[in-house]
Amino acid sequence: MARSRPGLGGIGRLVAALPLLALSACIGGPDGPRTARTAPPPEAGAASASAPGRIGNGAVKVALVVPLSGQGAALGAALRNAAELAMEEFQQPDLQILVRDDRGTPEGAREAAQGAISEGAELVLGPLFAANVQAAAGPARAAGKPVIAFSTDATVATKGVYLLSFLPQSEVDRVVEEAVASGKRSFAALIPENSYGNAVEAQFREAVARKGARLAGLERYAPGAPEPAVQRLAGVISGPAAQADALFLPETPDGLAVVAPALQKAGFSPARVRPLGTAVWNEPRVFALPALQGAWFASPDRAGFGGFAGRYQARFGASPPRVASLAYDSVSLSAALSRQYGSQRFAEGTLTNGAGFSGIDGTFRFRPEGTSDRALAVYEIRNNAATVVSPAPRTLGKSGT
């Protein structure tokens with residue numbers, strides 16, 4: 001099927017970024033199996049794409065390892081669809097995608113990666129879930145092949161295993177940086193006692209210290225039961241004598257539905273102390289919470305995904321889940337690097353080039369240790385909507401600044 005080149009945020013920007021490299025070189029949330037509620041409904045287009053197989057007939061083989069059965073199967077079908085869309089829109093890539101089903105299990109991921117590598121795959125795209133990434137990394141590492149995975153769990157990143165996903169650590173850095181730039185100097189935090197809270201706490205502490213700000217207070221709480229922690233922190237975040245001028249709340253929309261009323265009950269005013277969050281806030285039900293009016297959160301710019309979602313809808317008859325853009329960008333990147341860099345297309349130095357790449361969700365780059373940096377926008381919640389207060393930069397600064 002003939003397709004025109006996409007506009008800003010698509011393959012054209014990926015290809016345009018590559019000559020610069022030659023000269024100088026899911027919104028992150030808790031990782032684990034998702035339910036079908038977050039995936040597109042099984043429609044005709046998606047169903048036809050759910051079987052393993054091949055996309056394209058180019059000379060360069062790349063594996064796409066995703067759950068096409070078992071846990072996460074609906075998401076896996078959408079990732080497969082997005083890979084197909086990327087191939088159609090790239091304009092004759094010399095690429096062949098070996099689509100393999102990991103069955104939503106670590107053993108399935110290991111078998112899928114091993115099988116695709118034995119068929120000549122030079123790169124593994126996926127898997128989606130953290131345990132499956134670790135399993136697929138075994139045969140890939142043994143064969144000297146890199147992995148570009150979609151997990152949001154930074155602990156599975158390592159040399160040769162790169163995470164393209166939306167890592168919460170980058171979102172924490174961005175929103176703290178913007179808050180300090182706006183004049184905030186004293187931070188507090190309410191953090192759930194779960195894996196997501198564990199992932200962001202250290203990053204939050206480090207970001208606040210790096211920016212020369214003060215940590216006025218931090219409390220952890222059992223998910224769904226924030227009231228005791230809110231009361232312990234009330235003297236820091238409530239009233240005219242509040243010690244903090246920003247409050248970090250790394251919670252899901254479901255969690256915020258409980259945390260926000262507890263804050264209101266404790267006399268919290270977002271006009272005095274600005275709430276700060278991550279990309280998991282990017283849902284309309286969050287925008288309606290009174291305790292979050294005036295809040296800021298960091299997230300990829302929505303414009304690029306909006307254009308992609310429209311093309312996906314037209315092609316497959318369903319709205320894509322948020323993670324679908326990861327498959328699109330990883331396939332686009334594979335095709336662009338293959339066209340530009342020949343035998344060095346998937347070498348470590350090529351993949352970890354500091355200038356990064358431009359994709360659907362903006363500029364990104366892989367660090368040598370496997371994590372990634374993303375250029376993120378900062379949004380403000382106001383009047384039941386979110387608007388950009390600081391656009392995503394087109395280029396990435398030095399890591400860790």
# chains A, B, ... in the order shown; residues from 1 in each chain; ligands from 1
>>> closest_atom_pairs(of="range 256-286 of chain A", to="range 198-214 of chain A", cutoff="12 Å", atoms="only C-alpha atoms", output="Markdown table")
| residue | atom | partner | partner_atom | distance |
| --- | --- | --- | --- | --- |
| A:Leu276 | CA | A:Phe204 | CA | 11.0 |
| A:Gly277 | CA | A:Val200 | CA | 10.7 |
| A:Thr278 | CA | A:Val200 | CA | 9.7 |
>>> write_last_selection(atoms="C-alpha atoms", output="PDB file, in the first residue's frame")
ATOM      1  CA  LEU A 276       3.814  18.319  40.487  1.00  0.00           C
ATOM      2  CA  GLY A 277       3.354  15.019  38.698  1.00  0.00           C
ATOM      3  CA  THR A 278       4.442  12.695  35.929  1.00  0.00           C
TER       4      THR A 278
END
>>> residues_around(residues="range 167-177 of chain A", least_positions_apart="3", cutoff="9 Å", atoms="only C-alpha atoms", output="ChimeraX atom specification")
/A:26-30,151-154,163-164,180-182,184,196,199-200,203-204,206-208,211,248,250,276-280,296-300,371-378,400-401
>>> select_by_dssp(residues="range 161-271 of chain A", states="alpha helix (DSSP H)", output="number ranges by chain")
A: 168-181, 195-210, 227-237, 253-265
>>> residues_around(residues="Ala136 in chain A", least_positions_apart="3", cutoff="8 Å", atoms="only C-alpha atoms", output="list of chain:residue names")
A:Pro106, A:Ala109, A:Arg110, A:Glu111, A:Ala112, A:Ala113, A:Gln114, A:Pro127, A:Asn132, A:Val133, A:Pro139, A:Ala140
>>> write_last_selection(atoms="C-alpha atoms", output="PDB file, in the first residue's frame")
ATOM      1  CA  PRO A 106       9.476 -14.834  30.152  1.00  0.00           C
ATOM      2  CA  ALA A 109      10.131 -14.164  25.246  1.00  0.00           C
ATOM      3  CA  ARG A 110      13.352 -16.138  25.493  1.00  0.00           C
ATOM      4  CA  GLU A 111      12.164 -18.626  22.877  1.00  0.00           C
ATOM      5  CA  ALA A 112      10.904 -15.868  20.577  1.00  0.00           C
ATOM      6  CA  ALA A 113      14.155 -13.933  20.715  1.00  0.00           C
ATOM      7  CA  GLN A 114      16.263 -17.045  20.285  1.00  0.00           C
ATOM      8  CA  PRO A 127       9.442  -7.212  24.671  1.00  0.00           C
ATOM      9  CA  ASN A 132      10.200 -10.729  29.469  1.00  0.00           C
ATOM     10  CA  VAL A 133      12.854  -8.161  28.570  1.00  0.00           C
ATOM     11  CA  PRO A 139      19.966 -15.079  23.919  1.00  0.00           C
ATOM     12  CA  ALA A 140      20.401 -11.595  22.425  1.00  0.00           C
TER      13      ALA A 140
END
>>> select_by_dssp(residues="range 44-99 of chain A", states="strand (DSSP E or B)", output="list of chain:residue names")
A:Gly53, A:Arg54, A:Ile55, A:Val60, A:Lys61, A:Val62, A:Ala63, A:Leu64, A:Val65, A:Val66, A:Leu95, A:Gln96, A:Ile97, A:Leu98, A:Val99
>>> write_last_selection(atoms="N, CA, C and O atoms", output="JSON list (two decimals), in the first residue's frame")
[["chain", "number", "residue", "atom", "x", "y", "z"],
["A", 53, "GLY", "N", 4.57, -13.53, 12.07],
["A", 53, "GLY", "CA", 4.86, -13.55, 10.64],
["A", 53, "GLY", "C", 5.95, -12.55, 10.31],
["A", 53, "GLY", "O", 6.80, -12.24, 11.14],
["A", 54, "ARG", "N", 5.91, -12.04, 9.09],
["A", 54, "ARG", "CA", 6.92, -11.10, 8.63],
["A", 54, "ARG", "C", 6.25, -9.86, 8.08],
["A", 54, "ARG", "O", 5.18, -9.92, 7.49],
["A", 55, "ILE", "N", 6.91, -8.74, 8.28],
["A", 55, "ILE", "CA", 6.49, -7.48, 7.69],
["A", 55, "ILE", "C", 7.65, -6.99, 6.83],
["A", 55, "ILE", "O", 8.74, -6.75, 7.34],
["A", 60, "VAL", "N", 17.74, -6.64, 5.66],
["A", 60, "VAL", "CA", 18.09, -6.49, 7.08],
["A", 60, "VAL", "C", 16.93, -7.01, 7.93],
["A", 60, "VAL", "O", 15.82, -6.51, 7.85],
["A", 61, "LYS", "N", 17.21, -8.01, 8.75],
["A", 61, "LYS", "CA", 16.17, -8.62, 9.58],
["A", 61, "LYS", "C", 16.22, -8.10, 11.01],
["A", 61, "LYS", "O", 17.29, -8.02, 11.61],
["A", 62, "VAL", "N", 15.04, -7.75, 11.50],
["A", 62, "VAL", "CA", 14.87, -7.25, 12.87],
["A", 62, "VAL", "C", 13.71, -7.99, 13.50],
["A", 62, "VAL", "O", 12.68, -8.19, 12.84],
["A", 63, "ALA", "N", 13.85, -8.42, 14.75],
["A", 63, "ALA", "CA", 12.77, -9.13, 15.43],
["A", 63, "ALA", "C", 11.87, -8.15, 16.18],
["A", 63, "ALA", "O", 12.35, -7.18, 16.77],
["A", 64, "LEU", "N", 10.58, -8.41, 16.16],
["A", 64, "LEU", "CA", 9.62, -7.69, 17.01],
["A", 64, "LEU", "C", 8.99, -8.73, 17.93],
["A", 64, "LEU", "O", 8.20, -9.57, 17.48],
["A", 65, "VAL", "N", 9.36, -8.71, 19.20],
["A", 65, "VAL", "CA", 8.90, -9.69, 20.18],
["A", 65, "VAL", "C", 7.86, -9.03, 21.07],
["A", 65, "VAL", "O", 8.18, -8.17, 21.89],
["A", 66, "VAL", "N", 6.60, -9.44, 20.92],
["A", 66, "VAL", "CA", 5.49, -8.84, 21.65],
["A", 66, "VAL", "C", 4.48, -9.92, 22.02],
["A", 66, "VAL", "O", 4.46, -11.00, 21.42],
["A", 95, "LEU", "N", 14.22, -3.54, 5.01],
["A", 95, "LEU", "CA", 14.02, -4.12, 6.34],
["A", 95, "LEU", "C", 12.99, -5.23, 6.27],
["A", 95, "LEU", "O", 12.03, -5.17, 5.48],
["A", 96, "GLN", "N", 13.19, -6.21, 7.11],
["A", 96, "GLN", "CA", 12.24, -7.31, 7.26],
["A", 96, "GLN", "C", 12.00, -7.52, 8.76],
["A", 96, "GLN", "O", 12.95, -7.80, 9.50],
["A", 97, "ILE", "N", 10.77, -7.33, 9.19],
["A", 97, "ILE", "CA", 10.43, -7.48, 10.61],
["A", 97, "ILE", "C", 9.94, -8.90, 10.86],
["A", 97, "ILE", "O", 8.93, -9.33, 10.28],
["A", 98, "LEU", "N", 10.64, -9.63, 11.71],
["A", 98, "LEU", "CA", 10.22, -10.98, 12.11],
["A", 98, "LEU", "C", 9.36, -10.84, 13.36],
["A", 98, "LEU", "O", 9.88, -10.58, 14.44],
["A", 99, "VAL", "N", 8.06, -10.96, 13.21],
["A", 99, "VAL", "CA", 7.13, -10.78, 14.32],
["A", 99, "VAL", "C", 7.02, -12.09, 15.09],
["A", 99, "VAL", "O", 6.67, -13.13, 14.51]]
>>> residues_around(residues="Ser69 in chain A", least_positions_apart="2", cutoff="8 Å", atoms="only C-alpha atoms", output="ChimeraX atom specification")
/A:67,71-73,101-104
>>> write_last_selection(atoms="C-alpha atoms", output="PDB file, in the first residue's frame")
ATOM      1  CA  PRO A  67       2.605 -10.664  23.388  1.00  0.00           C
ATOM      2  CA  GLN A  71      -1.351 -11.440  29.022  1.00  0.00           C
ATOM      3  CA  GLY A  72      -1.078  -8.218  27.042  1.00  0.00           C
ATOM      4  CA  ALA A  73      -2.231  -9.750  23.762  1.00  0.00           C
ATOM      5  CA  ASP A 101       4.793 -13.994  20.006  1.00  0.00           C
ATOM      6  CA  ASP A 102       6.259 -14.097  23.517  1.00  0.00           C
ATOM      7  CA  ARG A 103       2.917 -15.357  24.910  1.00  0.00           C
ATOM      8  CA  GLY A 104       3.165 -12.776  27.682  1.00  0.00           C
TER       9      GLY A 104
END
>>> atom_distance(atom1="CA of Arg80 in chain A", atom2="CA of Gly362 in chain A")
21.0 Å
